[in-house]
file final01.csv (CSV, C-alpha atoms)
chain,number,residue,atom,x,y,z
H,1,MET,CA,-20.9,-10.8,28.3
H,2,ASP,CA,-21.7,-11.9,24.7
H,3,GLN,CA,-21.6,-10.5,21.2
H,4,GLU,CA,-24.9,-8.6,21.7
H,5,ILE,CA,-22.9,-5.7,23.2
H,6,LEU,CA,-21.1,-5.2,19.9
H,7,ARG,CA,-22.4,-3.2,16.9
H,8,LYS,CA,-23.8,-5.5,14.2
H,9,ASN,CA,-21.3,-4.3,11.6
H,10,ILE,CA,-18.4,-5.2,13.9
H,11,VAL,CA,-19.7,-8.7,14.6
H,12,ALA,CA,-19.9,-9.3,10.8
H,13,LEU,CA,-16.5,-7.8,10.1
H,14,ASP,CA,-13.8,-9.8,8.4
H,15,ALA,CA,-10.4,-8.5,9.7
H,16,TYR,CA,-7.4,-7.6,7.6
H,17,THR,CA,-5.2,-10.6,7.2
H,18,PRO,CA,-1.5,-9.9,7.1
H,19,GLY,CA,1.2,-12.1,5.6
H,20,LEU,CA,2.6,-14.8,7.7
H,21,SER,CA,5.4,-13.7,10.0
H,22,ILE,CA,8.9,-15.2,10.2
H,23,ASP,CA,8.4,-16.3,13.8
H,24,GLU,CA,5.2,-18.2,12.9
H,25,ILE,CA,7.0,-20.2,10.2
H,26,ARG,CA,10.2,-20.8,12.2
H,27,GLN,CA,8.1,-22.3,15.0
H,28,LYS,CA,6.0,-24.4,12.7
H,29,TYR,CA,8.6,-25.8,10.4
H,30,ASN,CA,11.8,-25.5,12.5
H,31,CYS,CA,13.6,-23.9,9.6
H,32,ALA,CA,17.1,-22.5,10.4
H,33,SER,CA,16.6,-19.6,8.0
H,34,ILE,CA,13.5,-17.9,6.8
H,35,ILE,CA,13.0,-15.8,3.6
H,36,LYS,CA,10.0,-13.6,3.8
H,37,MET,CA,8.6,-12.5,0.4
H,38,ALA,CA,5.0,-12.0,1.4
H,39,SER,CA,4.5,-8.4,2.6
H,40,ASN,CA,6.1,-6.2,-0.1
H,41,GLU,CA,8.8,-5.0,2.4
H,42,ASN,CA,12.1,-3.4,1.4
H,43,PRO,CA,14.6,-6.1,0.2
H,44,LEU,CA,17.5,-4.1,1.6
H,45,GLY,CA,16.2,-3.5,5.1
H,46,VAL,CA,16.4,-0.2,6.9
H,47,PRO,CA,18.2,2.8,5.4
H,48,PRO,CA,21.6,3.2,7.2
H,49,LEU,CA,20.9,6.9,8.0
H,50,ALA,CA,17.5,6.0,9.4
H,51,ALA,CA,19.0,3.2,11.6
H,52,GLU,CA,21.6,5.7,12.9
H,53,ALA,CA,18.9,8.3,13.6
H,54,ILE,CA,16.9,5.7,15.6
H,55,ARG,CA,19.9,4.8,17.7
H,56,ARG,CA,20.8,8.5,18.2
H,57,HIS,CA,17.3,9.5,19.4
H,58,ALA,CA,16.4,6.3,21.3
H,59,GLU,CA,17.1,7.9,24.7
H,60,GLU,CA,14.5,10.6,23.9
H,61,ALA,CA,11.8,8.0,23.6
H,62,PHE,CA,10.3,9.1,26.9
H,63,ARG,CA,9.5,12.5,25.4
H,64,TYR,CA,6.3,13.3,23.3
H,65,PRO,CA,7.0,14.3,19.7
H,66,ARG,CA,6.2,17.8,18.7
H,67,GLY,CA,2.5,18.2,17.7
H,68,GLY,CA,1.8,18.3,14.0
H,69,ASN,CA,5.3,16.9,13.1
H,70,PRO,CA,6.3,20.2,11.6
H,71,ARG,CA,9.9,19.2,10.7
H,72,LEU,CA,8.6,16.1,8.8
H,73,VAL,CA,5.9,18.2,7.1
H,74,LYS,CA,8.5,20.7,5.9
H,75,ALA,CA,10.8,18.0,4.6
H,76,LEU,CA,8.0,16.3,2.7
H,77,ALA,CA,6.8,19.5,1.2
H,78,ARG,CA,10.3,20.2,0.0
H,79,HIS,CA,10.7,16.6,-1.3
H,80,HIS,CA,7.5,16.9,-3.4
H,81,ASP,CA,7.6,20.6,-4.1
H,82,VAL,CA,4.2,21.3,-2.6
H,83,PRO,CA,2.9,23.7,0.0
H,84,GLU,CA,3.4,22.7,3.6
H,85,ASN,CA,-0.3,23.2,4.3
H,86,THR,CA,-1.2,20.4,2.0
H,87,ILE,CA,0.8,17.7,3.8
H,88,ILE,CA,-0.6,15.3,6.4
H,89,CYS,CA,1.2,12.5,8.2
H,90,GLY,CA,-0.1,9.4,9.9
H,91,ASN,CA,0.6,6.2,11.7
H,92,GLY,CA,1.0,4.5,8.4
H,93,SER,CA,-1.2,5.3,5.5
H,94,ASP,CA,-3.8,3.1,7.4
H,95,GLU,CA,-4.5,6.0,9.8
H,96,ILE,CA,-5.0,8.4,6.9
H,97,ILE,CA,-7.4,6.0,5.2
H,98,ASP,CA,-9.4,5.6,8.4
H,99,LEU,CA,-9.6,9.3,9.1
H,100,LEU,CA,-10.6,10.3,5.6
H,101,ILE,CA,-13.5,7.9,5.8
H,102,ARG,CA,-14.5,9.1,9.3
H,103,MET,CA,-14.1,12.8,8.4
H,104,LEU,CA,-16.0,12.8,5.1
H,105,CYS,CA,-18.7,10.0,5.4
H,106,GLU,CA,-21.8,10.1,7.6
H,107,PRO,CA,-22.6,6.6,8.9
H,108,ARG,CA,-25.5,4.8,7.1
H,109,GLU,CA,-25.8,7.8,4.7
H,110,HIS,CA,-22.7,7.9,2.5
H,111,ALA,CA,-20.6,5.4,0.6
H,112,ILE,CA,-17.1,4.7,-0.7
H,113,VAL,CA,-16.3,3.3,-4.1
H,114,CYS,CA,-13.4,1.0,-5.1
H,115,PHE,CA,-12.4,-1.8,-7.4
H,116,ASN,CA,-12.8,-5.4,-6.4
H,117,PRO,CA,-10.4,-6.8,-5.5
H,118,CYS,CA,-8.5,-3.9,-3.9
H,119,PHE,CA,-6.4,-3.2,-0.8
H,120,SER,CA,-8.8,-4.7,1.8
H,121,LEU,CA,-8.4,-1.8,4.3
H,122,TYR,CA,-10.6,0.5,2.2
H,123,PRO,CA,-13.7,-1.6,2.7
H,124,ILE,CA,-12.8,-2.8,6.2
H,125,GLN,CA,-12.5,0.7,7.6
H,126,ALA,CA,-15.6,1.8,5.8
H,127,ARG,CA,-17.6,-1.0,7.3
H,128,ILE,CA,-16.3,-0.3,10.8
H,129,SER,CA,-17.7,3.2,10.4
H,130,ASP,CA,-21.0,1.8,9.0
H,131,ILE,CA,-20.3,3.3,5.5
H,132,ALA,CA,-21.6,1.5,2.4
H,133,VAL,CA,-19.1,0.0,0.0
H,134,GLU,CA,-19.8,0.1,-3.7
H,135,SER,CA,-17.4,-1.8,-5.9
H,136,THR,CA,-16.9,-3.0,-9.5
H,137,PRO,CA,-14.7,-5.8,-10.7
H,138,LEU,CA,-11.3,-5.4,-12.3
H,139,ARG,CA,-11.1,-6.5,-15.9
H,140,ASP,CA,-9.9,-10.1,-16.5
H,141,ASP,CA,-6.4,-8.8,-17.1
H,142,PHE,CA,-6.6,-6.7,-13.9
H,143,SER,CA,-6.7,-3.4,-15.7
H,144,PHE,CA,-9.1,-0.7,-14.6
H,145,ASP,CA,-12.5,-0.2,-16.1
H,146,PHE,CA,-12.9,3.5,-15.3
H,147,ASP,CA,-16.4,3.8,-16.9
H,148,ALA,CA,-17.6,0.9,-14.7
H,149,LEU,CA,-16.1,2.6,-11.6
H,150,LEU,CA,-17.7,5.9,-12.5
H,151,GLY,CA,-21.0,4.0,-12.8
H,152,LYS,CA,-20.8,3.1,-9.1
H,153,VAL,CA,-20.5,6.8,-8.1
H,154,ASP,CA,-23.7,8.6,-7.1
H,155,ALA,CA,-24.8,11.4,-4.8
H,156,ARG,CA,-24.0,9.3,-1.7
H,157,SER,CA,-20.4,8.7,-2.7
H,158,ARG,CA,-17.8,10.7,-0.8
H,159,LEU,CA,-14.6,8.8,-1.5
H,160,VAL,CA,-13.3,6.8,-4.5
H,161,PHE,CA,-10.2,4.7,-3.8
H,162,LEU,CA,-7.7,4.0,-6.5
H,163,THR,CA,-4.4,2.2,-6.0
H,164,THR,CA,-1.7,2.9,-8.6
H,165,PRO,CA,0.2,0.5,-9.0
H,166,ASP,CA,-2.6,-1.8,-7.9
H,167,ASN,CA,-2.3,-4.4,-5.2
H,168,PRO,CA,-2.2,-7.4,-5.7
H,169,SER,CA,-1.6,-7.2,-9.5
H,170,GLY,CA,0.9,-4.5,-9.9
H,171,TYR,CA,-1.1,-3.0,-12.8
H,172,CYS,CA,-0.6,0.8,-13.2
H,173,PRO,CA,-2.9,2.9,-15.4
H,174,PRO,CA,-1.6,5.7,-17.6
H,175,LEU,CA,-1.5,9.1,-16.0
H,176,SER,CA,-3.9,10.4,-18.7
H,177,ASP,CA,-6.6,7.9,-17.7
H,178,VAL,CA,-6.4,8.8,-14.0
H,179,ARG,CA,-6.4,12.5,-14.8
H,180,ALA,CA,-9.5,12.1,-17.1
H,181,PHE,CA,-11.3,10.2,-14.4
H,182,ALA,CA,-10.5,12.8,-11.8
H,183,GLU,CA,-11.8,15.6,-14.1
H,184,THR,CA,-15.0,13.8,-14.8
H,185,LEU,CA,-15.5,13.1,-11.1
H,186,LEU,CA,-15.0,16.7,-10.3
H,187,GLU,CA,-17.5,17.8,-12.9
H,188,ARG,CA,-20.2,15.4,-12.0
H,189,PHE,CA,-19.7,14.8,-8.3
H,190,PRO,CA,-17.8,17.8,-6.9
H,191,ARG,CA,-18.3,16.5,-3.3
H,192,CYS,CA,-16.7,13.2,-4.0
H,193,LEU,CA,-12.9,12.9,-3.4
H,194,LEU,CA,-10.6,10.7,-5.4
H,195,VAL,CA,-8.0,9.1,-3.1
H,196,ILE,CA,-5.0,7.8,-5.1
H,197,ASP,CA,-2.9,5.4,-3.1
H,198,GLU,CA,0.6,5.7,-4.6
H,199,ALA,CA,2.4,3.4,-2.1
H,200,TYR,CA,4.2,1.6,-4.9
H,201,VAL,CA,4.4,4.2,-7.6
H,202,ASP,CA,8.2,4.9,-7.2
H,203,PHE,CA,8.9,1.4,-8.4
H,204,CYS,CA,7.4,2.2,-11.8
H,205,GLU,CA,9.9,2.3,-14.6
H,206,HIS,CA,8.7,5.8,-15.4
H,207,GLU,CA,7.1,7.3,-12.3
H,208,GLU,CA,6.3,10.6,-14.0
H,209,GLU,CA,4.0,8.7,-16.5
H,210,HIS,CA,1.8,7.3,-13.7
H,211,SER,CA,1.8,9.7,-10.8
H,212,LEU,CA,-0.4,12.8,-10.5
H,213,LEU,CA,1.8,14.0,-7.7
H,214,ARG,CA,5.1,13.5,-9.6
H,215,ALA,CA,3.6,15.1,-12.7
H,216,LYS,CA,2.3,18.1,-10.6
H,217,ALA,CA,-1.2,17.3,-12.0
H,218,MET,CA,-3.2,17.2,-8.8
H,219,LEU,CA,-6.8,18.4,-9.0
H,220,PRO,CA,-8.9,20.1,-6.3
H,221,ASN,CA,-10.7,16.8,-5.7
H,222,THR,CA,-7.7,14.6,-5.4
H,223,VAL,CA,-5.7,13.1,-2.5
H,224,CYS,CA,-2.4,11.4,-3.1
H,225,MET,CA,-1.2,9.0,-0.4
H,226,ARG,CA,2.4,7.8,0.0
H,227,THR,CA,4.3,5.7,2.5
H,228,PHE,CA,7.6,5.1,4.2
H,229,SER,CA,7.0,1.4,4.4
H,230,LYS,CA,8.2,0.3,0.9
H,231,SER,CA,11.1,2.1,-0.9
H,232,PHE,CA,12.1,3.9,2.4
H,233,GLY,CA,12.3,0.7,4.3
H,234,LEU,CA,10.4,1.7,7.5
H,235,ALA,CA,7.4,-0.6,7.5
H,236,GLY,CA,7.8,-1.5,11.2
H,237,LEU,CA,7.7,2.1,12.3
H,238,ARG,CA,4.3,2.9,10.7
H,239,LEU,CA,4.7,6.2,8.8
H,240,GLY,CA,2.6,7.4,6.0
H,241,TYR,CA,1.6,10.8,4.5
H,242,ALA,CA,-0.6,12.4,1.9
H,243,VAL,CA,-0.9,15.5,-0.2
H,244,VAL,CA,-4.5,16.8,0.2
H,245,PRO,CA,-6.5,19.9,-0.4
H,246,GLU,CA,-5.7,22.6,2.2
H,247,ILE,CA,-9.2,22.6,3.8
H,248,LEU,CA,-8.9,18.8,4.3
H,249,ALA,CA,-5.4,19.1,5.8
H,250,ASP,CA,-6.7,21.6,8.4
H,251,ALA,CA,-9.5,19.3,9.4
H,252,TYR,CA,-7.2,16.3,9.5
H,253,TRP,CA,-4.8,17.8,12.0
H,254,ARG,CA,-7.7,18.7,14.2
H,255,ALA,CA,-9.3,15.3,14.0
H,256,ARG,CA,-6.1,13.1,14.3
H,257,LEU,CA,-5.2,11.5,17.6
H,258,PRO,CA,-2.4,13.5,19.2
H,259,PHE,CA,1.2,12.2,18.7
H,260,SER,CA,0.1,9.3,16.4
H,261,VAL,CA,3.4,9.6,14.6
H,262,ASN,CA,5.9,8.6,17.3
H,263,LEU,CA,9.2,10.4,17.9
H,264,LEU,CA,11.5,7.7,16.5
H,265,ALA,CA,9.3,7.2,13.4
H,266,GLU,CA,9.6,10.9,12.6
H,267,GLU,CA,13.4,11.0,13.1
H,268,ALA,CA,13.8,7.9,11.0
H,269,GLY,CA,11.5,9.4,8.3
H,270,LEU,CA,13.6,12.6,8.1
H,271,ALA,CA,16.8,10.5,7.8
H,272,ALA,CA,15.3,8.2,5.2
H,273,LEU,CA,14.4,11.2,3.0
H,274,ALA,CA,18.0,12.2,3.1
H,275,ASP,CA,19.4,8.7,2.4
H,276,HIS,CA,19.4,9.0,-1.4
H,277,ALA,CA,22.0,6.3,-2.0
H,278,PHE,CA,19.9,3.7,-0.1
H,279,ARG,CA,16.7,4.6,-2.0
H,280,ASP,CA,18.3,4.6,-5.4
H,281,GLU,CA,19.8,1.2,-4.7
H,282,THR,CA,16.4,-0.1,-3.5
H,283,LEU,CA,14.8,1.0,-6.7
H,284,ARG,CA,17.6,-0.6,-8.8
H,285,VAL,CA,17.4,-3.9,-6.9
H,286,VAL,CA,13.6,-4.1,-7.1
H,287,LYS,CA,13.4,-3.3,-10.8
H,288,GLU,CA,16.1,-5.8,-11.7
H,289,GLY,CA,14.8,-8.5,-9.4
H,290,ARG,CA,11.2,-8.0,-10.7
H,291,LYS,CA,12.5,-8.6,-14.3
H,292,THR,CA,14.5,-11.7,-13.2
H,293,ILE,CA,11.6,-13.3,-11.3
H,294,SER,CA,9.1,-12.6,-14.0
H,295,GLU,CA,11.3,-14.0,-16.8
H,296,ASN,CA,12.1,-17.2,-14.8
H,297,LEU,CA,8.6,-17.9,-13.6
H,298,THR,CA,7.4,-17.5,-17.2
H,299,ARG,CA,10.1,-19.9,-18.3
H,300,MET,CA,8.8,-22.4,-15.8
H,301,GLY,CA,5.3,-22.2,-17.3
H,302,CYS,CA,3.7,-19.8,-14.9
H,303,THR,CA,1.5,-16.9,-16.0
H,304,VAL,CA,2.9,-13.7,-14.6
H,305,MET,CA,1.0,-10.4,-14.6
H,306,PRO,CA,3.0,-7.4,-15.7
H,307,SER,CA,3.9,-5.3,-12.6
H,308,GLU,CA,5.1,-1.8,-11.9
H,309,ALA,CA,5.3,-2.6,-8.1
H,310,ASN,CA,7.7,-4.4,-5.9
H,311,PHE,CA,5.8,-7.7,-6.2
H,312,LEU,CA,4.4,-10.1,-8.9
H,313,LEU,CA,1.1,-11.8,-9.2
H,314,PHE,CA,1.2,-15.2,-10.9
H,315,SER,CA,-0.7,-18.4,-11.5
H,316,LEU,CA,0.8,-21.9,-11.8
H,317,PRO,CA,0.9,-24.2,-14.8
H,318,SER,CA,-2.1,-26.4,-15.3
H,319,GLY,CA,-2.2,-29.4,-12.9
H,320,HIS,CA,-0.4,-27.7,-10.0
H,321,ASP,CA,-2.2,-26.6,-6.8
H,322,VAL,CA,-1.7,-23.2,-5.3
H,323,ASN,CA,-2.0,-24.3,-1.7
H,324,GLU,CA,0.4,-27.2,-2.2
H,325,CYS,CA,2.9,-24.9,-3.8
H,326,PHE,CA,2.5,-22.4,-1.0
H,327,THR,CA,3.0,-25.1,1.7
H,328,THR,CA,5.9,-26.6,-0.1
H,329,LEU,CA,7.7,-23.3,-0.1
H,330,LEU,CA,6.9,-22.8,3.6
H,331,SER,CA,8.5,-26.1,4.4
H,332,LYS,CA,11.7,-24.7,2.8
H,333,GLY,CA,11.5,-21.5,4.8
H,334,ILE,CA,10.2,-19.3,2.0
H,335,ILE,CA,7.1,-17.2,2.7
H,336,ILE,CA,5.0,-15.9,-0.2
H,337,ARG,CA,1.3,-14.9,-0.3
H,338,THR,CA,-1.9,-16.8,-1.1
H,339,LEU,CA,-4.7,-14.5,-2.2
H,340,LYS,CA,-8.0,-16.0,-0.9
H,341,GLY,CA,-8.6,-12.7,0.8
H,342,TYR,CA,-8.6,-11.0,-2.6
H,343,ASN,CA,-11.0,-13.6,-4.1
H,344,LEU,CA,-8.1,-14.9,-6.2
H,345,PRO,CA,-7.8,-18.5,-5.0
H,346,ASN,CA,-5.8,-19.6,-8.1
H,347,HIS,CA,-3.1,-17.0,-7.8
H,348,LEU,CA,0.0,-16.3,-5.7
H,349,ARG,CA,1.9,-13.1,-5.0
H,350,VAL,CA,5.6,-12.8,-4.3
H,351,SER,CA,7.5,-9.7,-3.2
H,352,VAL,CA,10.8,-9.0,-4.9
H,353,GLY,CA,13.7,-9.8,-2.5
H,354,ASN,CA,17.4,-9.2,-2.7
H,355,GLU,CA,19.5,-11.2,-5.2
H,356,ALA,CA,20.0,-14.2,-2.8
H,357,GLU,CA,16.3,-14.3,-1.8
H,358,ASN,CA,15.1,-14.2,-5.4
H,359,LYS,CA,17.5,-17.0,-6.3
H,360,ALA,CA,16.4,-19.2,-3.5
H,361,PHE,CA,12.7,-18.6,-4.3
H,362,LEU,CA,13.2,-19.4,-8.0
H,363,ALA,CA,15.2,-22.6,-7.1
H,364,ALA,CA,12.4,-23.7,-4.8
H,365,MET,CA,9.8,-23.0,-7.5
H,366,ASP,CA,11.8,-24.9,-10.1
H,367,ASP,CA,12.1,-27.9,-7.8
H,368,TYR,CA,8.3,-27.9,-7.0
H,369,LEU,CA,7.2,-27.5,-10.6
H,370,ARG,CA,9.5,-30.3,-11.8
call {"tool": "encode", "arguments": {"input": "final01.csv", "output": "structure tokens"}}
result
Amino acid sequence: MDQEILRKNIVALDAYTPGLSIDEIRQKYNCASIIKMASNENPLGVPPLAAEAIRRHAEEAFRYPRGGNPRLVKALARHHDVPENTIICGNGSDEIIDLLIRMLCEPREHAIVCFNPCFSLYPIQARISDIAVESTPLRDDFSFDFDALLGKVDARSRLVFLTTPDNPSGYCPPLSDVRAFAETLLERFPRCLLVIDEAYVDFCEHEEEHSLLRAKAMLPNTVCMRTFSKSFGLAGLRLGYAVVPEILADAYWRARLPFSVNLLAEEAGLAALADHAFRDETLRVVKEGRKTISENLTRMGCTVMPSEANFLLFSLPSGHDVNECFTTLLSKGIIIRTLKGYNLPNHLRVSVGNEAENKAFLAAMDDYLR
């Protein structure tokens, strides 16, 4: 058997590259303790109410979950004050991205549009489905050139992906700009859907100034994706959701694989929605930690991009090598992220940790830069 049995677009595909795991670094460097600040995970761990729900329902894991996850749908509709028939749930936002592409785009006929760089799963899932990818560069300061993005949209386009705040920079456009772009898209290309990935939007200082969903400003051509992986602390359980037009929700529930949201993920999600104290503390810790890391990296001579997310993009002072810095931190048991996959070989990204993790990271950076 050889590669000729595979479709050509699969042979040519570059896979998604996740951040290094704790086990990988522990084995390689034999470090007693590992601090992972590479994957934008919750610095406080799992919500206590969610952890208790997982323990309480563990013995039910031999059962299938209820089809359509109606309890979770009802809770999310109440959480965002939207109709239940506009909520869809998935095995992480990844499943929703994949299904939107496969539901709306005909192979070798349609295209998706995005910025470059962007969250790599958008172009990866499009290419798996043999869908063209049209992209336009971010500005030098990582802000969005909406006119250039609109210039990539044509009659073939079925989906435009927008991440707010953006990954890997943390840039978040004003709500008015996103709304104006959605209105123009609706007017000129009514069959093209704007997918707004708001995975990090609740880390904004003023969420209502950046989120169409929070501002109740959704248009008929908009989808808003959210996740339980970040502020809700459930990345390992893979649980995402979106608010979509009703006709799209109906099609999604018919096209989705049965039971893709597992029973424990659903119970944990319901509990996490109710754990207001944990989520409030997460947002406080991230916002304060983000400010502390940014100020200290800047003091050390790094260039730090403004961020509304739970991570920071930065470059080193002149004369310092990104890969050397990355490897030096790994040897101390601290994992951050290089960004070759984003075509940003001279930048690093660090997730905001808890107070002790942030302090250890900054001390290691200070040692290296000295």
call {"tool": "residues_around", "arguments": {"input": "final01.csv", "residues": "Val46 of chain H", "least_positions_apart": "5", "cutoff": "12 Å", "atoms": "only C-alpha atoms", "output": "VMD selection string"}}
result
chain H and resid 41 51 to 54 228 to 237 268 to 269 271 to 272 275 278 to 279 282
call {"tool": "closest_residue", "arguments": {"input": "final01.csv", "among": "H:Cys172, H:Leu316, H:Tyr252, H:Cys204", "to": "Arg102 of chain H", "atoms": "all atoms listed in the file"}}
result
H:Tyr252
call {"tool": "atom_distance", "arguments": {"input": "final01.csv", "atom1": "atom CA of Pro190 of chain H", "atom2": "atom CA of Phe142 of chain H"}}
result
27.8 Å
call {"tool": "closest_residue", "arguments": {"input": "final01.csv", "among": "H:Tyr200, H:Trp253, H:Phe311, H:Phe361", "to": "Thr227 of chain H", "atoms": "all atoms listed in the file"}}
result
H:Tyr200
call {"tool": "atom_distance", "arguments": {"input": "final01.csv", "atom1": "atom CA of Val133 of chain H", "atom2": "atom CA of Asn167 of chain H"}}
result
18.1 Å
call {"tool": "closest_atom_pairs", "arguments": {"input": "final01.csv", "of": "segment 117-167 of chain H", "to": "segment 330-350 of chain H", "cutoff": "8 Å", "atoms": "all atoms listed in the file", "output": "JSON lines"}}
result
{"residue": "H:Pro117", "atom": "CA", "partner": "H:Tyr342", "partner_atom": "CA", "distance": 5.4}
{"residue": "H:Cys118", "atom": "CA", "partner": "H:Tyr342", "partner_atom": "CA", "distance": 7.2}
{"residue": "H:Ser120", "atom": "CA", "partner": "H:Tyr342", "partner_atom": "CA", "distance": 7.7}
call {"tool": "closest_residue", "arguments": {"input": "final01.csv", "among": "H:Gly90, H:Asp366, H:Ala182, H:Thr303", "to": "Asp141 of chain H", "atoms": "only C-alpha atoms"}}
result
H:Thr303
call {"tool": "atom_distance", "arguments": {"input": "final01.csv", "atom1": "atom CA of Asp166 of chain H", "atom2": "atom CA of Thr136 of chain H"}}
result
14.4 Å
call {"tool": "residues_around", "arguments": {"input": "final01.csv", "residues": "Phe203 of chain H", "least_positions_apart": "2", "cutoff": "12 Å", "atoms": "all atoms listed in the file", "output": "PyMOL selection string"}}
result
chain H and resi 40+42+164-166+170-172+198-201+205-211+230-232+279-290+307-311+352
call {"tool": "closest_residue", "arguments": {"input": "final01.csv", "among": "H:Ala265, H:Ser351, H:Asn358, H:Asp14", "to": "Asn296 of chain H", "atoms": "only C-alpha atoms"}}
result
H:Asn358
call {"tool": "closest_residue", "arguments": {"input": "final01.csv", "among": "H:Ile196, H:Glu106, H:Gly45, H:His80", "to": "Tyr122 of chain H", "atoms": "only C-alpha atoms"}}
result
H:Ile196
call {"tool": "closest_residue", "arguments": {"input": "final01.csv", "among": "H:Thr292, H:Leu138, H:Leu104, H:Leu257", "to": "Leu193 of chain H", "atoms": "all atoms listed in the file"}}
result
H:Leu104
call {"tool": "residues_around", "arguments": {"input": "final01.csv", "residues": "Val82 of chain H", "least_positions_apart": "5", "cutoff": "9 Å", "atoms": "all atoms listed in the file", "output": "list in words"}}
result
Leu76, Ala77, Ile87, Lys216 and Val243 of chain H
